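Next comes model.csv, a file with CSV, C-alpha atoms.
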chain,number,residue,atom,x,y,z
A,208,MET,CA,-34.6,126.9,295.6
A,209,ARG,CA,-31.1,128.2,296.0
A,210,TYR,CA,-31.0,131.0,293.4
A,211,SER,CA,-33.2,134.0,293.0
A,212,PHE,CA,-32.3,135.4,289.5
A,213,CYS,CA,-31.9,133.9,286.0
A,214,PRO,CA,-28.3,133.4,284.9
A,215,LYS,CA,-29.3,134.2,281.3
A,216,CYS,CA,-31.4,137.4,281.6
A,217,GLY,CA,-31.5,138.3,285.3
A,218,GLY,CA,-35.2,137.8,285.6
A,219,LYS,CA,-36.8,136.5,288.8
A,220,LEU,CA,-36.7,132.7,289.2
A,221,GLU,CA,-39.9,131.1,290.5
A,222,GLU,CA,-40.2,127.5,291.7
A,223,LYS,CA,-42.9,126.3,289.3
A,224,ILE,CA,-41.3,122.8,289.0
A,225,VAL,CA,-39.7,121.3,292.1
A,226,ASN,CA,-35.9,121.8,292.0
A,227,HIS,CA,-36.2,123.4,288.6
A,228,PRO,CA,-36.7,127.1,289.0
A,229,VAL,CA,-38.2,128.9,285.9
A,230,CYS,CA,-37.4,132.4,284.9
A,231,SER,CA,-40.5,134.7,284.9
A,232,ASN,CA,-39.0,136.8,282.1
A,233,CYS,CA,-37.4,134.4,279.5
A,234,SER,CA,-38.9,131.0,280.7
A,235,PHE,CA,-35.4,129.5,281.1
A,236,ILE,CA,-35.5,126.4,283.3
A,237,PHE,CA,-32.6,126.4,285.8
A,238,HIS,CA,-31.7,122.7,286.2
A,239,GLN,CA,-29.8,122.3,289.5
A,240,ASN,CA,-28.0,119.1,288.6
A,241,PRO,CA,-25.2,117.5,290.6
A,242,ILE,CA,-21.6,118.2,289.9
A,243,VAL,CA,-19.4,115.3,288.8
A,244,GLY,CA,-16.5,114.3,291.0
A,245,VAL,CA,-13.7,111.8,290.5
A,246,ALA,CA,-11.4,109.9,292.8
A,247,ALA,CA,-8.6,107.4,292.2
A,248,ILE,CA,-7.9,104.5,294.4
A,249,VAL,CA,-4.2,103.5,294.6
A,250,LEU,CA,-3.4,100.3,296.6
A,251,LYS,CA,0.0,99.0,297.7
A,252,ASN,CA,0.6,95.9,299.9
A,253,LYS,CA,-3.1,95.9,301.1
A,254,GLN,CA,-2.9,99.6,301.9
A,255,VAL,CA,-4.7,102.5,300.3
A,256,LEU,CA,-3.3,106.0,299.5
A,257,LEU,CA,-5.2,108.7,301.3
A,258,GLY,CA,-4.7,112.5,301.6
A,259,MET,CA,-5.3,114.9,304.5
A,260,ARG,CA,-7.4,117.8,303.4
A,261,ASN,CA,-6.2,121.3,304.1
A,262,ILE,CA,-9.2,123.5,302.8
A,263,SER,CA,-12.7,122.1,303.1
A,264,TYR,CA,-13.1,119.3,305.6
A,265,ARG,CA,-9.7,120.3,307.0
A,266,ASP,CA,-7.6,117.7,308.8
A,267,LYS,CA,-9.8,114.9,307.7
A,268,TRP,CA,-8.6,112.3,305.1
A,269,CYS,CA,-10.0,111.2,301.8
A,270,ILE,CA,-9.2,109.2,298.7
A,271,PRO,CA,-7.6,111.8,296.4
A,272,CYS,CA,-10.4,113.4,294.5
A,273,GLY,CA,-11.7,116.5,292.7
A,274,TYR,CA,-14.2,117.8,290.1
A,275,VAL,CA,-14.4,117.2,286.4
A,276,GLU,CA,-13.9,120.4,284.4
A,277,TYR,CA,-16.7,121.4,281.9
A,278,ASP,CA,-14.7,120.4,278.8
A,279,GLU,CA,-12.8,117.5,280.4
A,280,ASP,CA,-13.1,113.7,280.0
A,281,ILE,CA,-13.9,111.9,283.3
A,282,ARG,CA,-10.7,109.8,283.1
A,283,THR,CA,-8.5,112.7,282.2
A,284,ALA,CA,-10.0,114.5,285.3
A,285,ALA,CA,-9.1,111.6,287.5
A,286,ARG,CA,-5.5,111.6,286.3
A,287,ARG,CA,-5.2,115.4,286.6
A,288,GLU,CA,-6.7,115.6,290.0
A,289,PHE,CA,-4.5,112.7,291.3
A,290,LEU,CA,-1.4,114.3,289.9
A,291,GLU,CA,-2.3,117.8,291.4
A,292,GLU,CA,-2.9,116.3,294.8
A,293,THR,CA,-0.3,113.6,295.1
A,294,GLY,CA,2.5,114.4,292.6
A,295,LEU,CA,1.9,110.9,291.1
A,296,HIS,CA,1.1,110.1,287.5
A,297,ILE,CA,-1.4,107.2,287.3
A,298,GLN,CA,-3.0,105.0,284.7
A,299,VAL,CA,-6.7,105.1,285.3
A,300,LYS,CA,-8.1,101.6,285.3
A,301,LYS,CA,-11.8,100.5,285.6
A,302,ILE,CA,-14.5,102.3,287.4
A,303,TYR,CA,-14.7,100.7,290.9
A,304,ASP,CA,-17.7,102.5,292.4
A,305,VAL,CA,-20.1,105.3,292.0
A,306,HIS,CA,-22.1,107.2,294.7
A,307,SER,CA,-24.2,110.2,295.2
A,308,ASN,CA,-22.6,112.5,297.8
A,309,PHE,CA,-24.8,114.5,300.1
A,310,HIS,CA,-22.2,115.6,302.6
A,311,ASN,CA,-22.4,119.3,301.4
A,312,PRO,CA,-26.1,120.4,301.6
A,313,ALA,CA,-25.3,123.3,299.3
A,314,GLN,CA,-24.0,121.1,296.5
A,315,HIS,CA,-25.1,117.6,295.5
A,316,THR,CA,-22.3,115.7,293.7
A,317,VAL,CA,-21.9,112.3,292.0
A,318,GLY,CA,-18.6,110.7,292.6
A,319,THR,CA,-16.9,108.1,290.5
A,320,TRP,CA,-14.0,106.1,292.1
A,321,PHE,CA,-11.5,104.5,289.6
A,322,LEU,CA,-8.9,102.0,290.4
A,323,GLY,CA,-5.5,103.5,289.5
A,324,GLU,CA,-2.0,102.3,289.0
A,325,ILE,CA,1.1,104.5,289.6
A,326,GLU,CA,3.2,105.2,286.4
A,327,GLY,CA,5.6,107.7,287.8
A,328,GLY,CA,6.1,110.9,289.8
A,329,GLU,CA,7.1,111.5,293.3
A,330,LEU,CA,4.6,111.2,296.2
A,331,SER,CA,4.1,114.6,297.8
A,332,ALA,CA,1.0,116.4,299.1
A,333,ASN,CA,-0.1,119.3,296.9
A,334,ASP,CA,-3.1,121.4,296.1
A,335,ASP,CA,-6.0,120.5,298.5
A,336,LEU,CA,-3.9,118.1,300.6
A,337,SER,CA,-1.4,118.8,303.3
A,338,GLU,CA,-0.3,115.2,303.8
A,339,VAL,CA,-0.4,111.9,301.9
A,340,ASN,CA,0.1,108.4,303.2
A,341,TYR,CA,-0.8,104.8,302.8
A,342,PHE,CA,-3.1,103.1,305.4
A,343,THR,CA,-4.3,99.7,306.2
A,344,TYR,CA,-8.1,99.2,306.7
A,345,ASP,CA,-7.6,98.6,310.4
A,346,ASN,CA,-5.7,101.9,310.8
A,347,LEU,CA,-7.8,104.3,308.8
A,348,PRO,CA,-7.7,108.0,309.9
A,349,LYS,CA,-10.8,110.1,310.4
A,350,LEU,CA,-12.4,110.4,306.9
A,351,ALA,CA,-13.9,113.5,305.4
A,352,PHE,CA,-16.5,111.8,303.3
A,353,GLU,CA,-19.0,109.0,304.2
A,354,THR,CA,-18.8,107.7,300.6
A,355,ASP,CA,-15.1,107.1,300.9
A,356,GLN,CA,-15.9,104.8,303.8
A,357,PHE,CA,-18.4,102.9,301.6
A,358,VAL,CA,-15.7,102.4,299.0
A,359,LEU,CA,-13.1,101.4,301.6
A,360,ASP,CA,-15.6,98.9,303.2
A,361,ARG,CA,-16.2,97.4,299.7
A,362,LEU,CA,-12.4,97.2,299.1
A,363,ARG,CA,-12.1,95.3,302.4
A,364,ARG,CA,-15.0,92.9,301.7
A,365,GLU,CA,-13.4,92.1,298.3
A,366,GLY,CA,-10.0,91.4,299.8
A,367,PHE,CA,-8.1,94.4,298.4
A,368,LEU,CA,-7.5,95.8,302.0

Please re-express this file's structure in structure tokens.
Amino acid sequence: MRYSFCPKCGGKLEEKIVNHPVCSNCSFIFHQNPIVGVAAIVLKNKQVLLGMRNISYRDKWCIPCGYVEYDEDIRTAARREFLEETGLHIQVKKIYDVHSNFHNPAQHTVGTWFLGEIEGGELSANDDLSEVNYFTYDNLPKLAFETDQFVLDRLRREGFL
């Protein structure tokens, strides 16, 4: 159990159900569900666009990604996050892959990787990234997330990289 008090009434949370603490005061069940993340894969000449992180997982690289806001459509989130991090407007194509992410023990996330196609903008690192660049599979930098490696491996097997 990660939390001690109920977010609704402040009562004490008790772990009566595994991973679902229950409030001893109002009986609210605190579902600790994963957060939804999105990433967009942009390819050019058998290279993939990656960004160097400057906050969490600093100086490691990732497929540009971020979290879906509470009232936001998943595809809108992928476009917004990609623009915020790379300066590029993209068209979000089909879902390419989905993985559970367990890299952060404090927060389980589920990531959805979309194929994306550039529509405009100017490539520049922004937001959570300090650098952006295209890489071949054989020249990948140190990655922040194991799940990005899974996605890149699949891209390689399928002939995209």

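Each of A:Pro312, A:Gly318, A:Gly323, A:Pro271 was compared to His296 of chain A using all atoms listed in the file, and A:Gly323 turns out to be the nearest.
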
When you look at segment 230-240 of chain A with a cut-off of 7 Å (counting only C-alpha atoms), what residues show up, excluding the ones that are within fewer than 2 positions of it in the same chain? I need them as a PDB file with C-alpha atoms, in the frame of the given file.
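The result, stored in around37.pdb:
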ATOM      1  CA  CYS A 213     -31.900 133.900 286.000  1.00  0.00           C
ATOM      2  CA  GLY A 218     -35.200 137.800 285.600  1.00  0.00           C
ATOM      3  CA  LYS A 219     -36.800 136.500 288.800  1.00  0.00           C
ATOM      4  CA  LEU A 220     -36.700 132.700 289.200  1.00  0.00           C
ATOM      5  CA  GLU A 221     -39.900 131.100 290.500  1.00  0.00           C
ATOM      6  CA  ASN A 226     -35.900 121.800 292.000  1.00  0.00           C
ATOM      7  CA  HIS A 227     -36.200 123.400 288.600  1.00  0.00           C
ATOM      8  CA  PRO A 228     -36.700 127.100 289.000  1.00  0.00           C
ATOM      9  CA  ILE A 242     -21.600 118.200 289.900  1.00  0.00           C
TER      10      ILE A 242
END

| message | Just the number, please: distance in Å from atom CA of Gly294 of chain A to atom CA of Arg364 of chain A, one decimal. | response | 29.2 Å

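Within 8 Å of segment 283-285 of chain A, once all atoms listed in the file are used and residues closer than 2 positions along the same chain are dropped, the contacting residues are Val245, Ala246, Ala247, Cys272, Gly273, Tyr274, Val275, Glu276, Glu279, Asp280, Ile281, Arg287, Glu288, Phe289, Val299 and Phe321 of chain A.
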
List as a PDB file with C-alpha atoms, keeping the file's coordinate frame the protein and nucleic acid residues near segment 266-270 of chain A, meaning an atom at most 9 Å away when all atoms listed in the file are counted, but skip any in the same chain fewer than 5 places from it.
ATOM      1  CA  ALA A 246     -11.400 109.900 292.800  1.00  0.00           C
ATOM      2  CA  ALA A 247      -8.600 107.400 292.200  1.00  0.00           C
ATOM      3  CA  ILE A 248      -7.900 104.500 294.400  1.00  0.00           C
ATOM      4  CA  VAL A 249      -4.200 103.500 294.600  1.00  0.00           C
ATOM      5  CA  VAL A 255      -4.700 102.500 300.300  1.00  0.00           C
ATOM      6  CA  LEU A 256      -3.300 106.000 299.500  1.00  0.00           C
ATOM      7  CA  LEU A 257      -5.200 108.700 301.300  1.00  0.00           C
ATOM      8  CA  GLY A 258      -4.700 112.500 301.600  1.00  0.00           C
ATOM      9  CA  MET A 259      -5.300 114.900 304.500  1.00  0.00           C
ATOM     10  CA  ARG A 260      -7.400 117.800 303.400  1.00  0.00           C
ATOM     11  CA  ASN A 261      -6.200 121.300 304.100  1.00  0.00           C
ATOM     12  CA  TRP A 320     -14.000 106.100 292.100  1.00  0.00           C
ATOM     13  CA  LEU A 336      -3.900 118.100 300.600  1.00  0.00           C
ATOM     14  CA  SER A 337      -1.400 118.800 303.300  1.00  0.00           C
ATOM     15  CA  GLU A 338      -0.300 115.200 303.800  1.00  0.00           C
ATOM     16  CA  VAL A 339      -0.400 111.900 301.900  1.00  0.00           C
ATOM     17  CA  LEU A 347      -7.800 104.300 308.800  1.00  0.00           C
ATOM     18  CA  PRO A 348      -7.700 108.000 309.900  1.00  0.00           C
ATOM     19  CA  LYS A 349     -10.800 110.100 310.400  1.00  0.00           C
ATOM     20  CA  LEU A 350     -12.400 110.400 306.900  1.00  0.00           C
ATOM     21  CA  ALA A 351     -13.900 113.500 305.400  1.00  0.00           C
ATOM     22  CA  PHE A 352     -16.500 111.800 303.300  1.00  0.00           C
ATOM     23  CA  ASP A 355     -15.100 107.100 300.900  1.00  0.00           C
ATOM     24  CA  GLN A 356     -15.900 104.800 303.800  1.00  0.00           C
TER      25      GLN A 356
END

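One finds atom CA of Gly244 of chain A at 16.3 Å from atom CA of Lys300 of chain A.
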
Export: segment 346-362 of chain A, all heavy atoms, as a compact mmCIF listing (two decimals), in the first residue's frame:
# COMPACT_ATOMS: atom_id res chain seq x y z
N ASN A 346 23.16 2.10 -34.19
CA ASN A 346 23.84 3.20 -33.52
C ASN A 346 22.97 3.84 -32.43
O ASN A 346 23.05 5.04 -32.19
CB ASN A 346 24.25 4.26 -34.57
CG ASN A 346 25.24 5.25 -34.03
OD1 ASN A 346 26.06 4.94 -33.18
ND2 ASN A 346 25.17 6.47 -34.53
N LEU A 347 22.14 3.03 -31.77
CA LEU A 347 21.24 3.56 -30.74
C LEU A 347 22.02 4.01 -29.52
O LEU A 347 22.95 3.34 -29.08
CB LEU A 347 20.22 2.49 -30.31
CG LEU A 347 19.17 2.09 -31.34
CD1 LEU A 347 18.34 0.92 -30.82
CD2 LEU A 347 18.28 3.28 -31.70
N PRO A 348 21.63 5.14 -28.92
CA PRO A 348 22.25 5.60 -27.67
C PRO A 348 21.68 4.82 -26.49
O PRO A 348 20.78 3.98 -26.65
CB PRO A 348 21.85 7.07 -27.61
CG PRO A 348 20.52 7.11 -28.31
CD PRO A 348 20.61 6.07 -29.39
N LYS A 349 22.16 5.11 -25.29
CA LYS A 349 21.66 4.46 -24.07
C LYS A 349 20.22 4.90 -23.84
O LYS A 349 19.93 6.08 -23.73
CB LYS A 349 22.53 4.84 -22.87
CG LYS A 349 22.13 4.10 -21.60
CD LYS A 349 23.26 4.09 -20.60
CE LYS A 349 22.90 3.38 -19.34
NZ LYS A 349 22.69 1.96 -19.48
N LEU A 350 19.33 3.92 -23.77
CA LEU A 350 17.90 4.21 -23.65
C LEU A 350 17.46 4.31 -22.19
O LEU A 350 17.98 3.62 -21.32
CB LEU A 350 17.09 3.12 -24.35
CG LEU A 350 17.29 3.01 -25.86
CD1 LEU A 350 16.56 1.80 -26.39
CD2 LEU A 350 16.83 4.28 -26.57
N ALA A 351 16.45 5.15 -21.96
CA ALA A 351 15.89 5.33 -20.63
C ALA A 351 14.97 4.18 -20.24
O ALA A 351 14.90 3.80 -19.08
CB ALA A 351 15.13 6.66 -20.56
N PHE A 352 14.24 3.65 -21.21
CA PHE A 352 13.17 2.70 -20.90
C PHE A 352 13.34 1.38 -21.65
O PHE A 352 13.50 1.37 -22.87
CB PHE A 352 11.81 3.31 -21.23
CG PHE A 352 11.61 4.68 -20.68
CD1 PHE A 352 11.36 5.75 -21.51
CD2 PHE A 352 11.70 4.92 -19.31
CE1 PHE A 352 11.19 7.03 -21.00
CE2 PHE A 352 11.52 6.19 -18.79
CZ PHE A 352 11.27 7.24 -19.65
N GLU A 353 13.25 0.29 -20.92
CA GLU A 353 13.35 -1.04 -21.51
C GLU A 353 12.27 -1.26 -22.57
O GLU A 353 12.51 -1.91 -23.60
CB GLU A 353 13.22 -2.09 -20.40
CG GLU A 353 13.29 -3.51 -20.86
CD GLU A 353 13.10 -4.52 -19.74
OE1 GLU A 353 12.24 -4.28 -18.85
OE2 GLU A 353 13.81 -5.54 -19.76
N THR A 354 11.10 -0.71 -22.36
CA THR A 354 10.00 -0.91 -23.30
C THR A 354 10.30 -0.24 -24.64
O THR A 354 9.86 -0.74 -25.68
CB THR A 354 8.67 -0.41 -22.72
OG1 THR A 354 8.87 0.88 -22.14
CG2 THR A 354 8.16 -1.37 -21.66
N ASP A 355 11.03 0.88 -24.65
CA ASP A 355 11.43 1.47 -25.93
C ASP A 355 12.32 0.49 -26.69
O ASP A 355 12.23 0.38 -27.92
CB ASP A 355 12.17 2.79 -25.73
CG ASP A 355 11.23 3.98 -25.57
OD1 ASP A 355 10.01 3.83 -25.78
OD2 ASP A 355 11.73 5.07 -25.24
N GLN A 356 13.19 -0.22 -25.97
CA GLN A 356 14.04 -1.22 -26.64
C GLN A 356 13.18 -2.32 -27.26
O GLN A 356 13.46 -2.76 -28.37
CB GLN A 356 15.04 -1.82 -25.65
CG GLN A 356 16.05 -2.75 -26.32
CD GLN A 356 16.99 -2.00 -27.26
OE1 GLN A 356 17.71 -1.11 -26.83
NE2 GLN A 356 16.97 -2.37 -28.54
N PHE A 357 12.12 -2.75 -26.56
CA PHE A 357 11.22 -3.76 -27.12
C PHE A 357 10.63 -3.27 -28.44
O PHE A 357 10.56 -4.01 -29.42
CB PHE A 357 10.06 -4.09 -26.16
CG PHE A 357 10.44 -4.65 -24.83
CD1 PHE A 357 9.56 -4.55 -23.77
CD2 PHE A 357 11.67 -5.29 -24.62
CE1 PHE A 357 9.88 -5.08 -22.53
CE2 PHE A 357 11.99 -5.82 -23.37
CZ PHE A 357 11.10 -5.71 -22.33
N VAL A 358 10.19 -2.00 -28.44
CA VAL A 358 9.57 -1.42 -29.63
C VAL A 358 10.60 -1.30 -30.76
O VAL A 358 10.32 -1.65 -31.91
CB VAL A 358 8.94 -0.04 -29.30
CG1 VAL A 358 8.48 0.68 -30.55
CG2 VAL A 358 7.79 -0.22 -28.31
N LEU A 359 11.80 -0.83 -30.44
CA LEU A 359 12.84 -0.69 -31.45
C LEU A 359 13.26 -2.05 -32.01
O LEU A 359 13.52 -2.18 -33.22
CB LEU A 359 14.03 0.07 -30.88
CG LEU A 359 13.74 1.53 -30.51
CD1 LEU A 359 14.86 2.11 -29.67
CD2 LEU A 359 13.47 2.37 -31.74
N ASP A 360 13.33 -3.05 -31.16
CA ASP A 360 13.65 -4.40 -31.62
C ASP A 360 12.59 -4.90 -32.61
O ASP A 360 12.91 -5.50 -33.64
CB ASP A 360 13.75 -5.39 -30.45
CG ASP A 360 14.97 -5.15 -29.58
OD1 ASP A 360 15.90 -4.41 -29.98
OD2 ASP A 360 14.98 -5.70 -28.44
N ARG A 361 11.33 -4.63 -32.31
CA ARG A 361 10.25 -5.04 -33.21
C ARG A 361 10.35 -4.29 -34.53
O ARG A 361 10.19 -4.88 -35.60
CB ARG A 361 8.89 -4.80 -32.55
CG ARG A 361 7.74 -5.18 -33.45
CD ARG A 361 6.38 -5.00 -32.80
NE ARG A 361 5.35 -5.17 -33.80
CZ ARG A 361 4.12 -4.72 -33.67
NH1 ARG A 361 3.74 -4.11 -32.56
NH2 ARG A 361 3.25 -4.90 -34.64
N LEU A 362 10.61 -2.98 -34.47
CA LEU A 362 10.78 -2.19 -35.69
C LEU A 362 11.89 -2.78 -36.55
O LEU A 362 11.77 -2.86 -37.78
CB LEU A 362 11.07 -0.73 -35.36
CG LEU A 362 9.90 0.09 -34.81
CD1 LEU A 362 10.41 1.38 -34.16
CD2 LEU A 362 8.91 0.41 -35.93
